[in-house]
Amino acid sequence: MNRGLSNNAILCSVQDKDGFIWFGTRDGLNRFDGYRFKNFFHESENEKSLGSNLVHSLMVRNTNEIWVGTDQGIYIYNPQQEEFARFDKISRSETLQISEDRQGNIWFITNSRLYKYDPKTQQIDNTYAQRWNENIHAFCIDHDDNVWVGLRESICHIASGKHYVFASGKQISGGVEELFVDKNNDIWIGTSQNGVYRWNRDSKKTQQVIKDIGNKPLYVRDIEQINENQLWIATESGLFMHDIKSQRTLHVIHEKDNPWSLSDNAVYTVLKDNQDGIWVGTFFGGINYYHPQHNLFEKIFPRNSPNTIGGHAVREIVEDPQKNLWIGTEDQGLSYWDQKTKNFINFGPEAGLAHTNIHGLLIAGDSLLIGTFFQGLDVMDIRRKKVIKHFDSNNTHQTLKNNFVYHICKTSKGKILLATAPGVYQFIPGKDQFIPFKAAPGYIFFTYIFEDKDHNLWLTTWRDGLYRVDSEENEAIRFVHDPKDHTSISSNRVNRVFQDSKGQIWVATESGLCLYHKEHASFRRFSTKEGLPSNLILAMQEDDLGYLWISTTKGLVKMDIQSHRIETYSLEHGLLDLQFNYNSAFKDSQGLLYFGSSKGLIRFNPSAVTDLYKTDFDTPIYITGIQANQQELTIQDHNNALSRSILYTDKIKLKYDESTISLDFVALNFASANSTSYLYRLVGLDTTWTFLRNNAKANFIKIPPGKYTFEVMAADANKTPISKIKSLEIVILPPYWASVPAYIIYALLTIGLIGWMIYNYDRKVKDKNRRRLEKIKAHKEKELYKAKMDFFMQITHDIKTPLTLIKAPLEKIMEGNEPQKADKWLKTIHQNTEKLLLMTDNLLDFRKVESNQFSLKLKKQSVSSLILICLQDFSPLIESKQIKLTTKLDKRLYANIDIETIYKILSNLLSNAFKYAEKEVYINLYKTREKTAFCIEVKNDGILLSDEEIMQIFEPFQRASTHYRVKGSGLGLALAYSFASLHGGKLEYKKNTENLNIFVLEIPI
């Protein structure tokens, strides 16, 4: 009960389809997974709980429903919903047995009557309950699907009504309590007063197999077939193991001095599981578990009988020439174990031993050297089994300076060396002399001496590292632990050295196991990080298969010396004790291994110890529990997220305040449950697997909202998976203020706020722009009005001057005064009329261009010829101003141009150039680099335009302030700019370092 069992009185047991073991007790129903018991009780306030805590029988249907027979009727357990429903077809009576036939019919005994229930029709057949006038306690269904019932003196085949008397016509007391069909289809009959009978199907005869125990009647409770040839029979007088072929029976009972014996003699149930494990339920002693693998380690420990080992703390083990064993203990002296008779002889101080604390043993011929704890060295005659000599520091004249003989070793050269505290001494038997071993320091506490195949001696110490003495015993090399060097020995406390069959040197320390690399004089370390159960290594021994067996303070380890793969054995595998003893490892002449512990020693055949996790199936793994905020989530609590058992749940949703969770899981590996390790991760949170040893629970704290997948698989000590991955999808819901609807509301509010802000901003900007546009419009209207006024004033001024110059000569001609000047006056009138016409033409052209009413008429033309023709119009002006004209014209340049438009552009450019030039004008005609356009550069050395004037030079009626004396309308360059744009070209003022005004006209060819 100390492991969670509801009650120690086990009345029945069964294994379900998932692999869990169920136990019915006098106080509740239990489900066991190898780690934990899950208890089911009657709850008066819960109608879906078990109806009674007294469970007599269990049956698992093919649907995995579990039928539970109690003293208050039958209850059906639904594993999906983890709830019970009462089978209401019968009264609330005691139900002793339930079984299902191949047709799916349920047979059961209630109130000592047999009933049949058809689940398809949901009808009860009462025929069998009324057939017999005696109480029925047992029935069985054979391999032919026939039902047999046990009566007082016979068994009855109910289909035919045939009776087979098993009592040979004799009157017997009691009745049939158990019927069992073996694999041969024979029926075994367990009675309450007369033992066990076997009915043979072929001969149709009955034979009594097991009779009374002494003068006491044998009450049979259960029968189970363990293998093809063995039955286990549960009785009130212990457990009987019956061999079917040899007819031999082994009676197993509780032994007070053997904690590994049957816990109680009142055995009620036997169950063999699908992993070959056997569960034995007793009335007072709870559950006993047996597995063939657990019986591979033979346990030798002190018992309450003369023929037993004397001490618990086993230290040294040696084998004499007669193949018998001598065992030194640290609490009860020396034990002799005769391997033929299996008898023990124990020796203590009364037999002449100097002390009961034995540390060193060595067979030397017919003598046994015995090293004791601070009492010197004893010598025993093996044949006579008597102590014949004793040596200590007093009777050796201090040649043996220390009486604590920790270990004794005999070298290949025949030297007998004693490791003492302190120093190493050589013992010479014939002379009974002790000589200091000079190759080892005399002040060091040495604990073990080992000679390797190269005849080097390895000396271990209590706390001073490891010494290696060469074969000539001249030089000793010391190996010590260096915390900064991971290739140094792992500890200065060294317990043992061993060389395996491959020549590798292994060193046991109190901080792990070390493998020596001779080439670099370095060590490779093995510790709990590599899977060892403990870092305190006590001893090593290699078996004949190439495996190194290592004893520790927390179990026994099997290591492959090549791959270094390990397996760990603990109490559940049949070890005597986890706490092994120092230097206590031995291999006998037959290859059997021995390891001493604080409770005795174990012996085993290594070849019989199979791999721990070697099975023919994948180990089933389940998630068995989930806790949120340290509260178990159950189906019964409707506020929880579970809608069915966690065993069958693939997905679970948890609230944000349930994000701290724990998950229980288990691999149904009953033979090695506590040695099974696990790998788990939470996908979405973890990137690597977490390795768990001796634990089957994963904890996660404050998981952020989101979707995750919990994955777990069983593994061995080497982190190698031994099961498939079991997964559970976990959804952590966000809080209401972080849920999707909340975010939608937040988004809508945010969008609304942003929209409102944009609307207000847009309205303000529009109002501001409207006011600004109104100001600009008013300002533009003023500027336009002013520009119109300036235009009219300029035009008026430009028109008035020619008109005045026309009017004055015209008046004089009309007056007739000075007729000799009439020609001159007419010429003046003609010149000013031409100016007016030119101005009028420019105004009309400008209007056409601005209103897109001007159209081009392209024609291929020599551009240089057009320039020369235009220059002829300015010849008088050139001569009058004495301007130096320089031209550089590409006469081969032809282009598709509107001759009239280009001519007008040239006239305006040349007119400006000649009007404003001081002395020189340059005209340059060339093609662009791309050969897609031509350029006309017109340069003059007049007064340079300012930056402000350059920006406004191509606007209508704009004239440079420095040229106010030169007459002009201000439309020429504006009109030329418009014509250039209309022609697909451009006209620009080019800034330069030549101090010239340069206008560049670029027109596509």
# chains A, B, ... in the order shown; residues from 1 in each chain; ligands from 1
call {"tool": "residues_around", "arguments": {"residues": "A:Asn53", "least_positions_apart": "3", "cutoff": "12 Å", "atoms": "only C-alpha atoms", "output": "PyMOL selection string"}}
result
chain A and resi 6-7+9+11+23-30+39-44+49-50+56-57+68-75
call {"tool": "select_by_dssp", "arguments": {"residues": "stretch 345-503 of chain A", "states": "strand (DSSP E or B)", "output": "number ranges by chain"}}
result
A: 345-347, 358-364, 367-372, 377-381, 386-391, 405-410, 416-420, 424-428, 433-436, 446-451, 457-461, 466-469, 476-479, 494-499
call {"tool": "residues_around", "arguments": {"residues": "A:Ile732", "least_positions_apart": "2", "cutoff": "8 Å", "atoms": "only C-alpha atoms", "output": "list in words"}}
result
Lys653, Leu654, Lys655, Tyr656, Glu658, Ser659, Ile703, Pro704, Pro705, Gly706, Lys707, Ile730 and Pro734 of chain A
call {"tool": "closest_residue", "arguments": {"among": "A:Phe404, A:Phe580, A:Tyr894, A:Tyr336", "to": "A:His355", "atoms": "only C-alpha atoms"}}
result
A:Phe404
call {"tool": "atom_distance", "arguments": {"atom1": "atom CA of A:Ile136", "atom2": "atom CA of A:Ser112"}}
result
4.7 Å
call {"tool": "residues_around", "arguments": {"residues": "stretch 621-635 of chain A", "least_positions_apart": "4", "cutoff": "8 Å", "atoms": "only C-alpha atoms", "output": "JSON, numbers by chain"}}
result
{"A": [81, 82, 640, 641, 642, 643, 644, 645, 646, 647, 658, 659, 660, 661, 662, 663, 664, 665, 666, 667, 668, 713, 714, 723, 724, 725, 726]}
call {"tool": "residues_around", "arguments": {"residues": "stretch 562-577 of chain A", "least_positions_apart": "2", "cutoff": "7 Å", "atoms": "only C-alpha atoms", "output": "list in words"}}
result
Gln293, His294, Asn295, Phe297, Lys299, Gly555, Leu556, Val557, Lys558, Met559, Asp560, Gln579, Phe580, Ser597, Lys599, Ile602, Ser672, Ala717 and Asn718 of chain A
call {"tool": "write_last_selection", "arguments": {"atoms": "all heavy atoms", "output": "short mmCIF file (atom, residue, chain, number, x, y, z; two decimals), in the first residue's frame"}}
result
data_model
loop_
_atom_site.label_atom_id
_atom_site.label_comp_id
_atom_site.auth_asym_id
_atom_site.auth_seq_id
_atom_site.Cartn_x
_atom_site.Cartn_y
_atom_site.Cartn_z
N GLN A 293 13.42 -12.47 -16.09
CA GLN A 293 14.66 -11.69 -16.10
C GLN A 293 15.11 -11.35 -14.69
O GLN A 293 16.31 -11.20 -14.42
CB GLN A 293 14.46 -10.39 -16.89
CG GLN A 293 14.45 -10.56 -18.39
CD GLN A 293 14.44 -9.22 -19.11
OE1 GLN A 293 14.30 -8.18 -18.49
NE2 GLN A 293 14.58 -9.26 -20.41
N HIS A 294 14.16 -11.21 -13.77
CA HIS A 294 14.51 -10.82 -12.40
C HIS A 294 15.08 -11.97 -11.60
O HIS A 294 15.59 -11.76 -10.49
CB HIS A 294 13.27 -10.27 -11.69
CG HIS A 294 12.72 -9.04 -12.34
ND1 HIS A 294 11.57 -8.42 -11.91
CD2 HIS A 294 13.17 -8.32 -13.40
CE1 HIS A 294 11.33 -7.38 -12.68
NE2 HIS A 294 12.27 -7.30 -13.60
N ASN A 295 14.97 -13.17 -12.10
CA ASN A 295 15.45 -14.33 -11.37
C ASN A 295 16.83 -14.78 -11.85
O ASN A 295 17.30 -15.86 -11.49
CB ASN A 295 14.46 -15.49 -11.52
CG ASN A 295 14.50 -16.44 -10.35
OD1 ASN A 295 14.70 -16.03 -9.22
ND2 ASN A 295 14.34 -17.73 -10.62
N PHE A 297 19.65 -13.18 -11.24
CA PHE A 297 20.67 -12.87 -10.23
C PHE A 297 20.39 -13.72 -8.98
O PHE A 297 19.37 -13.54 -8.30
CB PHE A 297 20.65 -11.39 -9.87
CG PHE A 297 20.97 -10.49 -11.02
CD1 PHE A 297 19.97 -9.86 -11.74
CD2 PHE A 297 22.29 -10.28 -11.40
CE1 PHE A 297 20.26 -9.04 -12.80
CE2 PHE A 297 22.59 -9.45 -12.47
CZ PHE A 297 21.58 -8.83 -13.18
N LYS A 299 20.79 -14.64 -5.27
CA LYS A 299 21.08 -13.84 -4.08
C LYS A 299 21.60 -14.74 -2.97
O LYS A 299 20.96 -15.73 -2.61
CB LYS A 299 19.81 -13.11 -3.62
CG LYS A 299 19.17 -12.24 -4.70
CD LYS A 299 17.86 -11.67 -4.20
CE LYS A 299 17.13 -10.92 -5.29
NZ LYS A 299 16.64 -11.80 -6.37
N GLY A 555 23.55 0.64 -8.18
CA GLY A 555 23.19 -0.40 -9.12
C GLY A 555 24.36 -0.97 -9.88
O GLY A 555 25.52 -0.57 -9.70
N LEU A 556 24.02 -1.94 -10.75
CA LEU A 556 25.01 -2.66 -11.55
C LEU A 556 24.88 -2.26 -13.01
O LEU A 556 23.77 -2.11 -13.52
CB LEU A 556 24.78 -4.16 -11.40
CG LEU A 556 25.80 -5.12 -12.03
CD1 LEU A 556 27.16 -4.98 -11.36
CD2 LEU A 556 25.31 -6.55 -11.93
N VAL A 557 26.01 -2.05 -13.68
CA VAL A 557 26.03 -1.56 -15.05
C VAL A 557 26.71 -2.58 -15.95
O VAL A 557 27.74 -3.16 -15.61
CB VAL A 557 26.77 -0.21 -15.15
CG1 VAL A 557 26.86 0.26 -16.61
CG2 VAL A 557 26.07 0.85 -14.30
N LYS A 558 26.09 -2.78 -17.13
CA LYS A 558 26.68 -3.64 -18.16
C LYS A 558 27.08 -2.73 -19.32
O LYS A 558 26.24 -2.01 -19.87
CB LYS A 558 25.64 -4.67 -18.61
CG LYS A 558 26.06 -5.53 -19.79
CD LYS A 558 24.89 -6.44 -20.19
CE LYS A 558 25.20 -7.25 -21.44
NZ LYS A 558 24.03 -8.06 -21.86
N MET A 559 28.38 -2.75 -19.69
CA MET A 559 28.88 -1.86 -20.74
C MET A 559 29.56 -2.67 -21.83
O MET A 559 30.37 -3.56 -21.55
CB MET A 559 29.86 -0.83 -20.17
CG MET A 559 30.51 0.06 -21.24
SD MET A 559 31.77 1.17 -20.60
CE MET A 559 30.76 2.49 -19.95
N ASP A 560 29.23 -2.34 -23.06
CA ASP A 560 29.94 -2.91 -24.21
C ASP A 560 31.29 -2.22 -24.30
O ASP A 560 31.36 -0.99 -24.43
CB ASP A 560 29.12 -2.68 -25.49
CG ASP A 560 29.70 -3.43 -26.69
OD1 ASP A 560 30.92 -3.35 -26.90
OD2 ASP A 560 28.92 -4.05 -27.42
N GLN A 579 23.59 -0.87 -3.17
CA GLN A 579 24.87 -0.46 -2.59
C GLN A 579 25.87 -1.61 -2.64
O GLN A 579 25.90 -2.47 -1.76
CB GLN A 579 24.66 -0.01 -1.15
CG GLN A 579 25.94 0.36 -0.41
CD GLN A 579 26.54 1.65 -0.91
OE1 GLN A 579 25.90 2.68 -0.90
NE2 GLN A 579 27.78 1.58 -1.36
N PHE A 580 26.68 -1.62 -3.71
CA PHE A 580 27.73 -2.63 -3.80
C PHE A 580 28.93 -2.21 -2.96
O PHE A 580 29.02 -1.07 -2.48
CB PHE A 580 28.12 -2.86 -5.26
CG PHE A 580 27.08 -3.61 -6.05
CD1 PHE A 580 26.09 -2.94 -6.75
CD2 PHE A 580 27.07 -4.99 -6.06
CE1 PHE A 580 25.12 -3.63 -7.46
CE2 PHE A 580 26.11 -5.70 -6.76
CZ PHE A 580 25.13 -5.01 -7.46
N SER A 597 27.92 -6.89 -1.89
CA SER A 597 27.21 -5.66 -1.52
C SER A 597 27.13 -5.56 -0.01
O SER A 597 27.71 -6.37 0.72
CB SER A 597 25.81 -5.65 -2.13
OG SER A 597 24.98 -6.60 -1.50
N LYS A 599 24.53 -6.18 1.68
CA LYS A 599 23.55 -7.14 2.18
C LYS A 599 23.88 -8.58 1.81
O LYS A 599 23.07 -9.48 2.02
CB LYS A 599 22.16 -6.79 1.65
CG LYS A 599 21.60 -5.50 2.19
CD LYS A 599 20.19 -5.25 1.68
CE LYS A 599 19.63 -3.96 2.26
NZ LYS A 599 18.25 -3.69 1.77
N ILE A 602 25.69 -11.34 -5.03
CA ILE A 602 24.90 -11.92 -6.11
C ILE A 602 25.83 -12.75 -7.01
O ILE A 602 27.02 -12.46 -7.13
CB ILE A 602 24.18 -10.84 -6.96
CG1 ILE A 602 25.19 -9.86 -7.56
CG2 ILE A 602 23.12 -10.14 -6.15
CD1 ILE A 602 24.58 -8.90 -8.58
N SER A 672 11.00 -3.40 -16.39
CA SER A 672 12.06 -2.40 -16.16
C SER A 672 11.44 -1.01 -16.02
O SER A 672 11.95 -0.04 -16.57
CB SER A 672 13.07 -2.41 -17.32
OG SER A 672 13.60 -3.70 -17.51
N ALA A 717 19.02 3.86 -21.13
CA ALA A 717 19.99 4.73 -20.48
C ALA A 717 20.91 5.43 -21.47
O ALA A 717 21.54 6.43 -21.14
CB ALA A 717 20.83 3.93 -19.49
N ASN A 718 20.97 4.91 -22.71
CA ASN A 718 21.81 5.52 -23.74
C ASN A 718 21.04 6.53 -24.59
O ASN A 718 21.52 6.96 -25.63
CB ASN A 718 22.38 4.42 -24.65
CG ASN A 718 23.17 3.39 -23.88
OD1 ASN A 718 24.28 3.65 -23.44
ND2 ASN A 718 22.57 2.22 -23.67
#
call {"tool": "select_by_dssp", "arguments": {"residues": "stretch 725-762 of chain A", "states": "helix (DSSP H, G or I)", "output": "number ranges by chain"}}
result
A: 736-738, 740-762
call {"tool": "closest_residue", "arguments": {"among": "A:Phe284, A:Tyr197, A:Phe139, A:Tyr743", "to": "A:His242", "atoms": "only C-alpha atoms"}}
result
A:Tyr197
call {"tool": "residues_around", "arguments": {"residues": "A:Ile187", "least_positions_apart": "3", "cutoff": "12 Å", "atoms": "only C-alpha atoms", "output": "MDAnalysis selection string"}}
result
chainID A and resid 139:143 146:150 154:157 164 166 178:184 190 196:202 204:208 223:225
call {"tool": "write_last_selection", "arguments": {"atoms": "N, CA and C atoms", "output": "compact mmCIF listing (two decimals), in the first residue's frame"}}
result
# COMPACT_ATOMS: atom_id res chain seq x y z
N PHE A 139 -16.90 -21.53 -13.06
CA PHE A 139 -17.18 -22.08 -14.39
C PHE A 139 -15.99 -21.72 -15.28
N CYS A 140 -15.96 -22.31 -16.47
CA CYS A 140 -14.90 -21.98 -17.43
C CYS A 140 -15.44 -22.15 -18.84
N ILE A 141 -14.76 -21.54 -19.80
CA ILE A 141 -15.11 -21.65 -21.21
C ILE A 141 -13.90 -22.25 -21.92
N ASP A 142 -14.06 -23.42 -22.53
CA ASP A 142 -12.91 -24.09 -23.14
C ASP A 142 -12.61 -23.51 -24.53
N HIS A 143 -11.60 -24.10 -25.18
CA HIS A 143 -11.15 -23.56 -26.47
C HIS A 143 -12.15 -23.83 -27.59
N ASN A 146 -17.14 -23.97 -25.35
CA ASN A 146 -18.11 -24.67 -24.52
C ASN A 146 -17.95 -24.22 -23.07
N VAL A 147 -19.09 -24.11 -22.38
CA VAL A 147 -19.08 -23.65 -20.99
C VAL A 147 -19.20 -24.86 -20.08
N TRP A 148 -18.33 -24.86 -19.05
CA TRP A 148 -18.33 -25.93 -18.05
C TRP A 148 -18.56 -25.28 -16.68
N VAL A 149 -19.31 -26.00 -15.85
CA VAL A 149 -19.60 -25.49 -14.52
C VAL A 149 -19.11 -26.50 -13.49
N GLY A 150 -18.59 -26.00 -12.35
CA GLY A 150 -18.10 -26.85 -11.29
C GLY A 150 -19.17 -27.09 -10.25
N SER A 154 -18.41 -32.95 -9.27
CA SER A 154 -18.22 -33.15 -10.70
C SER A 154 -18.13 -31.81 -11.42
N ILE A 155 -17.78 -31.94 -12.69
CA ILE A 155 -17.88 -30.79 -13.59
C ILE A 155 -18.90 -31.15 -14.65
N CYS A 156 -19.64 -30.13 -15.13
CA CYS A 156 -20.75 -30.38 -16.04
C CYS A 156 -20.58 -29.59 -17.32
N HIS A 157 -20.69 -30.28 -18.44
CA HIS A 157 -20.72 -29.63 -19.75
C HIS A 157 -22.15 -29.17 -19.97
N TYR A 164 -18.97 -35.11 -15.27
CA TYR A 164 -17.73 -35.88 -15.12
C TYR A 164 -17.31 -35.77 -13.65
N PHE A 166 -15.12 -35.97 -10.51
CA PHE A 166 -13.67 -35.91 -10.28
C PHE A 166 -13.27 -36.52 -8.93
N GLU A 178 -12.51 -23.13 -8.45
CA GLU A 178 -11.82 -22.62 -9.63
C GLU A 178 -11.80 -23.69 -10.72
N LEU A 179 -12.15 -23.28 -11.95
CA LEU A 179 -12.00 -24.12 -13.13
C LEU A 179 -11.10 -23.39 -14.12
N PHE A 180 -10.13 -24.14 -14.67
CA PHE A 180 -9.18 -23.52 -15.59
C PHE A 180 -8.93 -24.45 -16.77
N VAL A 181 -8.91 -23.89 -17.98
CA VAL A 181 -8.66 -24.66 -19.20
C VAL A 181 -7.24 -24.38 -19.65
N ASP A 182 -6.41 -25.42 -19.74
CA ASP A 182 -5.02 -25.20 -20.16
C ASP A 182 -4.93 -25.19 -21.69
N LYS A 183 -3.72 -25.08 -22.19
CA LYS A 183 -3.52 -24.95 -23.63
C LYS A 183 -3.83 -26.25 -24.38
N ASN A 184 -3.89 -27.37 -23.65
CA ASN A 184 -4.28 -28.65 -24.26
C ASN A 184 -5.78 -28.87 -24.21
N GLY A 190 -9.95 -26.69 -9.16
CA GLY A 190 -9.47 -26.30 -7.84
C GLY A 190 -10.60 -26.34 -6.85
N VAL A 196 -6.21 -30.03 -6.01
CA VAL A 196 -6.37 -29.77 -7.45
C VAL A 196 -6.53 -31.09 -8.19
N TYR A 197 -7.50 -31.10 -9.15
CA TYR A 197 -7.72 -32.24 -10.02
C TYR A 197 -7.51 -31.81 -11.48
N ARG A 198 -7.19 -32.79 -12.28
CA ARG A 198 -7.05 -32.53 -13.73
C ARG A 198 -7.97 -33.48 -14.49
N TRP A 199 -8.83 -32.90 -15.32
CA TRP A 199 -9.70 -33.72 -16.20
C TRP A 199 -9.09 -33.75 -17.58
N ASN A 200 -8.74 -34.94 -18.06
CA ASN A 200 -8.11 -35.12 -19.35
C ASN A 200 -9.19 -35.26 -20.43
N ARG A 201 -9.11 -34.39 -21.42
CA ARG A 201 -10.15 -34.37 -22.44
C ARG A 201 -10.12 -35.64 -23.30
N ASP A 202 -8.94 -36.16 -23.55
CA ASP A 202 -8.85 -37.34 -24.40
C ASP A 202 -9.41 -38.58 -23.69
N LYS A 204 -11.14 -38.52 -20.84
CA LYS A 204 -12.35 -38.15 -20.09
C LYS A 204 -12.25 -38.62 -18.63
N LYS A 205 -11.03 -38.74 -18.13
CA LYS A 205 -10.81 -39.16 -16.76
C LYS A 205 -10.20 -38.04 -15.93
N THR A 206 -10.41 -38.16 -14.62
CA THR A 206 -9.94 -37.13 -13.70
C THR A 206 -8.86 -37.70 -12.79
N GLN A 207 -7.84 -36.90 -12.52
CA GLN A 207 -6.73 -37.31 -11.66
C GLN A 207 -6.46 -36.21 -10.64
N GLN A 208 -6.29 -36.61 -9.40
CA GLN A 208 -5.93 -35.63 -8.37
C GLN A 208 -4.43 -35.36 -8.46
N ILE A 223 -5.94 -20.43 -10.77
CA ILE A 223 -4.98 -21.24 -11.53
C ILE A 223 -4.62 -20.46 -12.80
N GLU A 224 -3.33 -20.42 -13.13
CA GLU A 224 -2.87 -19.71 -14.33
C GLU A 224 -1.76 -20.52 -14.98
N GLN A 225 -1.80 -20.63 -16.31
CA GLN A 225 -0.73 -21.33 -17.04
C GLN A 225 0.34 -20.32 -17.41
call {"tool": "atom_distance", "arguments": {"atom1": "atom CA of A:Thr687", "atom2": "atom CA of A:Ala673"}}
result
27.3 Å
call {"tool": "atom_distance", "arguments": {"atom1": "atom CA of A:Asp18", "atom2": "atom CA of A:Asp637"}}
result
24.5 Å
call {"tool": "residues_around", "arguments": {"residues": "A:Pro436", "least_positions_apart": "5", "cutoff": "12 Å", "atoms": "only C-alpha atoms", "output": "list in words"}}
result
Gln398, Thr399, Leu400, Lys401, Asn402, Ile416, Leu417, Leu418, Ala419, Thr420, Pro422, Gly423, Val424, Tyr425, Gln426, Phe427, Ile428, Pro441, Gly442 and Tyr443 of chain A
call {"tool": "closest_residue", "arguments": {"among": "A:Tyr648, A:Trp462, A:Phe437, A:Tyr290", "to": "A:Asn495", "atoms": "only C-alpha atoms"}}
result
A:Trp462
call {"tool": "closest_residue", "arguments": {"among": "A:Arg36, A:Arg152, A:Arg221, A:His359", "to": "A:Cys12", "atoms": "only C-alpha atoms"}}
result
A:Arg221
